[in-house]
Amino acid sequence: MGLFRKKRRPIELPAGVAPTLMEVKFRGCTFWMPEHWVITRQLDDGKDYEPWVLDYFLKILKPGMTVLDVGASWGAFALPAAKAVGSTGKVIAIEMSAGNGRVLLESAKASGVANMQLLLVGVSDRLGTEYLRRQTVHNNFQMEPPIDGIPENLDAFDIAPVVPLDLLRADFGKVDVLKIDIEGMEYRAFMGARALMAEQKPITFLEYSPRFQSEISGADGAALLTFFLDLGYGVEILHRKKKRERVAGGDAAQVIAKVDAAWTRHVEDDRGTHLDLCLTAI
């Protein structure tokens, strides 16, 4: 039997898409996910999902904690986190794709999770509207690089609101752990969360890619790392194939250089796109 098994039931999906959801058991939770998604097939084949991050993330969580999951997607982190923090804790799942949001709610219901709150918005450094190119085979949605005006082919996009986290922080309460995975919008997100991060300094799990930051946020990777280093955070690299590595350095430039070198090695040796980091206030 293993960790994974499946059932199917009908559901309305866009034209041309198989009208079924698949039941997947993962990390003690029940997920109802579109059968045509790549990640659904991978889980159904018995593959794990980012264990080098997820294992450490769950190990840190304690009952009563508040977790903010920005870019919650299908809930790989949000639902197991809700189980880990228990009825006295809560998970705030922020996701800008309506399709992913439906999967989150269906899966929370199937898993008996009542302490997860879904906010169907994106985060940025401003209040406004962004465009998500529609996907048909996977759950990864990425905001388009900055667009002047309105795209000509609006039919190719979903339209989503974005809001700075600082405008929402009064409703969050104390945030203990923050996980963020928003495909290159991280720098802009943290520019809209400066008060939250300075006041609360949550343990932060972050996907780091200078390439994605440049393309989507219009900032280099050093700017994102500098934001955390200026707040007094330490950096830990969550390697995929070896032990976690705390990054030591005499100054910010040395730390950034070491992280960038590790990212370059990962791209060249493992053909990956991003480096997973855990940032903790010292």
# chains A, B, ... in the order shown; residues from 1 in each chain; ligands from 1
call {"tool": "select_by_dssp", "arguments": {"residues": "stretch 15-217 of chain A", "states": "strand (DSSP E or B)", "output": "number ranges by chain"}}
result
A: 20-26, 29-34, 66-70, 90-94, 116-119, 122-123, 128-133, 143, 157-163, 177-180, 203-208
call {"tool": "select_by_dssp", "arguments": {"residues": "stretch 93-210 of chain A", "states": "alpha helix (DSSP H)", "output": "ChimeraX atom specification"}}
result
/A:98-111,169-172,186-191,194-200,210
call {"tool": "closest_residue", "arguments": {"among": "A:Val259, A:Leu54, A:Leu154, A:Leu196", "to": "A:Asp171", "atoms": "only C-alpha atoms"}}
result
A:Leu196
call {"tool": "residues_around", "arguments": {"residues": "A:Gly101", "least_positions_apart": "4", "cutoff": "10 Å", "atoms": "only C-alpha atoms", "output": "PyMOL selection string"}}
result
chain A and resi 72-75+93-97+105-107+118-121
call {"tool": "write_last_selection", "arguments": {"atoms": "N, CA and C atoms", "output": "mmCIF file, in the first residue's frame"}}
result
data_model
loop_
_atom_site.group_PDB
_atom_site.id
_atom_site.type_symbol
_atom_site.label_atom_id
_atom_site.label_comp_id
_atom_site.auth_asym_id
_atom_site.auth_seq_id
_atom_site.Cartn_x
_atom_site.Cartn_y
_atom_site.Cartn_z
ATOM 1 N N ALA A 72 0.718 28.777 -1.271
ATOM 2 C CA ALA A 72 0.430 27.462 -0.679
ATOM 3 C C ALA A 72 0.192 26.383 -1.716
ATOM 4 N N SER A 73 -0.164 26.765 -2.942
ATOM 5 C CA SER A 73 -0.370 25.823 -4.046
ATOM 6 C C SER A 73 -1.371 24.742 -3.639
ATOM 7 N N TRP A 74 -0.989 23.443 -3.786
ATOM 8 C CA TRP A 74 -1.944 22.362 -3.496
ATOM 9 C C TRP A 74 -1.932 21.927 -2.038
ATOM 10 N N GLY A 75 -1.082 22.546 -1.209
ATOM 11 C CA GLY A 75 -1.149 22.308 0.224
ATOM 12 C C GLY A 75 -0.135 21.341 0.789
ATOM 13 N N ALA A 93 -3.073 30.062 4.774
ATOM 14 C CA ALA A 93 -2.606 29.678 3.447
ATOM 15 C C ALA A 93 -2.975 30.783 2.460
ATOM 16 N N ILE A 94 -1.953 31.371 1.849
ATOM 17 C CA ILE A 94 -2.166 32.425 0.857
ATOM 18 C C ILE A 94 -1.876 31.852 -0.520
ATOM 19 N N GLU A 95 -2.862 31.902 -1.398
ATOM 20 C CA GLU A 95 -2.730 31.316 -2.732
ATOM 21 C C GLU A 95 -3.555 32.143 -3.714
ATOM 22 N N MET A 96 -2.954 32.525 -4.843
ATOM 23 C CA MET A 96 -3.653 33.415 -5.765
ATOM 24 C C MET A 96 -4.364 32.684 -6.901
ATOM 25 N N SER A 97 -4.148 31.386 -7.058
ATOM 26 C CA SER A 97 -4.842 30.620 -8.090
ATOM 27 C C SER A 97 -6.135 30.043 -7.526
ATOM 28 N N LEU A 105 -9.075 23.606 -0.306
ATOM 29 C CA LEU A 105 -10.286 23.472 0.502
ATOM 30 C C LEU A 105 -10.846 22.051 0.449
ATOM 31 N N GLU A 106 -10.859 21.452 -0.737
ATOM 32 C CA GLU A 106 -11.314 20.062 -0.852
ATOM 33 C C GLU A 106 -10.452 19.147 0.019
ATOM 34 N N SER A 107 -9.141 19.371 -0.026
ATOM 35 C CA SER A 107 -8.218 18.509 0.703
ATOM 36 C C SER A 107 -8.298 18.739 2.206
ATOM 37 N N LEU A 118 -7.818 30.046 4.326
ATOM 38 C CA LEU A 118 -7.370 30.328 2.964
ATOM 39 C C LEU A 118 -7.642 31.779 2.609
ATOM 40 N N LEU A 119 -6.603 32.475 2.140
ATOM 41 C CA LEU A 119 -6.748 33.815 1.577
ATOM 42 C C LEU A 119 -6.423 33.713 0.093
ATOM 43 N N LEU A 120 -7.416 33.952 -0.748
ATOM 44 C CA LEU A 120 -7.248 33.772 -2.185
ATOM 45 C C LEU A 120 -6.777 35.092 -2.808
ATOM 46 N N VAL A 121 -5.522 35.423 -2.523
ATOM 47 C CA VAL A 121 -4.885 36.639 -3.052
ATOM 48 C C VAL A 121 -3.421 36.333 -3.318
#
call {"tool": "closest_residue", "arguments": {"among": "A:Leu279, A:Val123, A:Leu238, A:Val113", "to": "A:Thr226", "atoms": "only C-alpha atoms"}}
result
A:Leu279
call {"tool": "residues_around", "arguments": {"residues": "A:Arg244", "least_positions_apart": "3", "cutoff": "12 Å", "atoms": "only C-alpha atoms", "output": "PyMOL selection string"}}
result
chain A and resi 52-53+55-56+235-241+247+262+275-278
call {"tool": "closest_residue", "arguments": {"among": "A:Gly122, A:Pro51, A:Pro151, A:Gly184", "to": "A:Leu224", "atoms": "only C-alpha atoms"}}
result
A:Gly184
call {"tool": "decode", "arguments": {"residues": "stretch 251-262 of chain A", "atoms": "all heavy atoms", "output": "PDB file, in the first residue's frame"}}
result
ATOM      1  N   ASP A 251      31.015  39.067   6.790  1.00  0.00           N
ATOM      2  CA  ASP A 251      30.139  40.178   6.437  1.00  0.00           C
ATOM      3  C   ASP A 251      29.091  39.696   5.443  1.00  0.00           C
ATOM      4  O   ASP A 251      29.109  38.552   4.974  1.00  0.00           O
ATOM      5  CB  ASP A 251      30.931  41.355   5.869  1.00  0.00           C
ATOM      6  CG  ASP A 251      31.782  40.960   4.656  1.00  0.00           C
ATOM      7  OD1 ASP A 251      31.384  40.032   3.915  1.00  0.00           O
ATOM      8  OD2 ASP A 251      32.829  41.581   4.447  1.00  0.00           O
ATOM      9  N   ALA A 252      28.167  40.582   5.119  1.00  0.00           N
ATOM     10  CA  ALA A 252      27.064  40.215   4.239  1.00  0.00           C
ATOM     11  C   ALA A 252      27.552  39.785   2.867  1.00  0.00           C
ATOM     12  O   ALA A 252      27.006  38.839   2.276  1.00  0.00           O
ATOM     13  CB  ALA A 252      26.093  41.393   4.118  1.00  0.00           C
ATOM     14  N   ALA A 253      28.556  40.456   2.356  1.00  0.00           N
ATOM     15  CA  ALA A 253      29.063  40.133   1.016  1.00  0.00           C
ATOM     16  C   ALA A 253      29.577  38.702   0.952  1.00  0.00           C
ATOM     17  O   ALA A 253      29.357  37.999  -0.044  1.00  0.00           O
ATOM     18  CB  ALA A 253      30.162  41.113   0.618  1.00  0.00           C
ATOM     19  N   GLN A 254      30.231  38.241   2.008  1.00  0.00           N
ATOM     20  CA  GLN A 254      30.745  36.872   2.028  1.00  0.00           C
ATOM     21  C   GLN A 254      29.603  35.859   2.086  1.00  0.00           C
ATOM     22  O   GLN A 254      29.643  34.823   1.414  1.00  0.00           O
ATOM     23  CB  GLN A 254      31.678  36.688   3.235  1.00  0.00           C
ATOM     24  CG  GLN A 254      33.006  37.411   3.101  1.00  0.00           C
ATOM     25  CD  GLN A 254      33.876  37.212   4.326  1.00  0.00           C
ATOM     26  OE1 GLN A 254      33.384  37.130   5.453  1.00  0.00           O
ATOM     27  NE2 GLN A 254      35.183  37.129   4.120  1.00  0.00           N
ATOM     28  N   VAL A 255      28.595  36.140   2.898  1.00  0.00           N
ATOM     29  CA  VAL A 255      27.449  35.241   2.996  1.00  0.00           C
ATOM     30  C   VAL A 255      26.742  35.147   1.643  1.00  0.00           C
ATOM     31  O   VAL A 255      26.416  34.056   1.154  1.00  0.00           O
ATOM     32  CB  VAL A 255      26.465  35.718   4.084  1.00  0.00           C
ATOM     33  CG1 VAL A 255      25.171  34.900   4.043  1.00  0.00           C
ATOM     34  CG2 VAL A 255      27.121  35.622   5.457  1.00  0.00           C
ATOM     35  N   ILE A 256      26.498  36.279   1.025  1.00  0.00           N
ATOM     36  CA  ILE A 256      25.815  36.299  -0.270  1.00  0.00           C
ATOM     37  C   ILE A 256      26.619  35.544  -1.314  1.00  0.00           C
ATOM     38  O   ILE A 256      26.061  34.767  -2.109  1.00  0.00           O
ATOM     39  CB  ILE A 256      25.554  37.758  -0.714  1.00  0.00           C
ATOM     40  CG1 ILE A 256      24.525  38.401   0.222  1.00  0.00           C
ATOM     41  CG2 ILE A 256      25.067  37.806  -2.158  1.00  0.00           C
ATOM     42  CD1 ILE A 256      24.404  39.907   0.063  1.00  0.00           C
ATOM     43  N   ALA A 257      27.922  35.738  -1.321  1.00  0.00           N
ATOM     44  CA  ALA A 257      28.782  35.046  -2.295  1.00  0.00           C
ATOM     45  C   ALA A 257      28.707  33.533  -2.112  1.00  0.00           C
ATOM     46  O   ALA A 257      28.665  32.777  -3.097  1.00  0.00           O
ATOM     47  CB  ALA A 257      30.221  35.537  -2.168  1.00  0.00           C
ATOM     48  N   LYS A 258      28.676  33.066  -0.860  1.00  0.00           N
ATOM     49  CA  LYS A 258      28.601  31.622  -0.602  1.00  0.00           C
ATOM     50  C   LYS A 258      27.254  31.054  -1.035  1.00  0.00           C
ATOM     51  O   LYS A 258      27.188  29.962  -1.605  1.00  0.00           O
ATOM     52  CB  LYS A 258      28.868  31.353   0.877  1.00  0.00           C
ATOM     53  CG  LYS A 258      30.312  31.587   1.293  1.00  0.00           C
ATOM     54  CD  LYS A 258      30.519  31.331   2.781  1.00  0.00           C
ATOM     55  CE  LYS A 258      31.977  31.565   3.178  1.00  0.00           C
ATOM     56  NZ  LYS A 258      32.198  31.345   4.630  1.00  0.00           N
ATOM     57  N   VAL A 259      26.182  31.781  -0.762  1.00  0.00           N
ATOM     58  CA  VAL A 259      24.858  31.307  -1.168  1.00  0.00           C
ATOM     59  C   VAL A 259      24.748  31.290  -2.690  1.00  0.00           C
ATOM     60  O   VAL A 259      24.250  30.326  -3.278  1.00  0.00           O
ATOM     61  CB  VAL A 259      23.754  32.189  -0.555  1.00  0.00           C
ATOM     62  CG1 VAL A 259      22.383  31.793  -1.106  1.00  0.00           C
ATOM     63  CG2 VAL A 259      23.762  32.069   0.961  1.00  0.00           C
ATOM     64  N   ASP A 260      25.239  32.327  -3.339  1.00  0.00           N
ATOM     65  CA  ASP A 260      25.179  32.377  -4.802  1.00  0.00           C
ATOM     66  C   ASP A 260      26.018  31.267  -5.428  1.00  0.00           C
ATOM     67  O   ASP A 260      25.632  30.673  -6.451  1.00  0.00           O
ATOM     68  CB  ASP A 260      25.645  33.737  -5.305  1.00  0.00           C
ATOM     69  CG  ASP A 260      24.567  34.812  -5.190  1.00  0.00           C
ATOM     70  OD1 ASP A 260      23.389  34.442  -4.975  1.00  0.00           O
ATOM     71  OD2 ASP A 260      24.891  36.003  -5.322  1.00  0.00           O
ATOM     72  N   ALA A 261      27.153  30.964  -4.836  1.00  0.00           N
ATOM     73  CA  ALA A 261      27.991  29.871  -5.346  1.00  0.00           C
ATOM     74  C   ALA A 261      27.274  28.530  -5.215  1.00  0.00           C
ATOM     75  O   ALA A 261      27.334  27.685  -6.113  1.00  0.00           O
ATOM     76  CB  ALA A 261      29.327  29.841  -4.611  1.00  0.00           C
ATOM     77  N   ALA A 262      26.570  28.338  -4.092  1.00  0.00           N
ATOM     78  CA  ALA A 262      25.815  27.096  -3.896  1.00  0.00           C
ATOM     79  C   ALA A 262      24.664  27.004  -4.895  1.00  0.00           C
ATOM     80  O   ALA A 262      24.374  25.919  -5.422  1.00  0.00           O
ATOM     81  CB  ALA A 262      25.285  27.027  -2.461  1.00  0.00           C
TER      82      ALA A 262
END
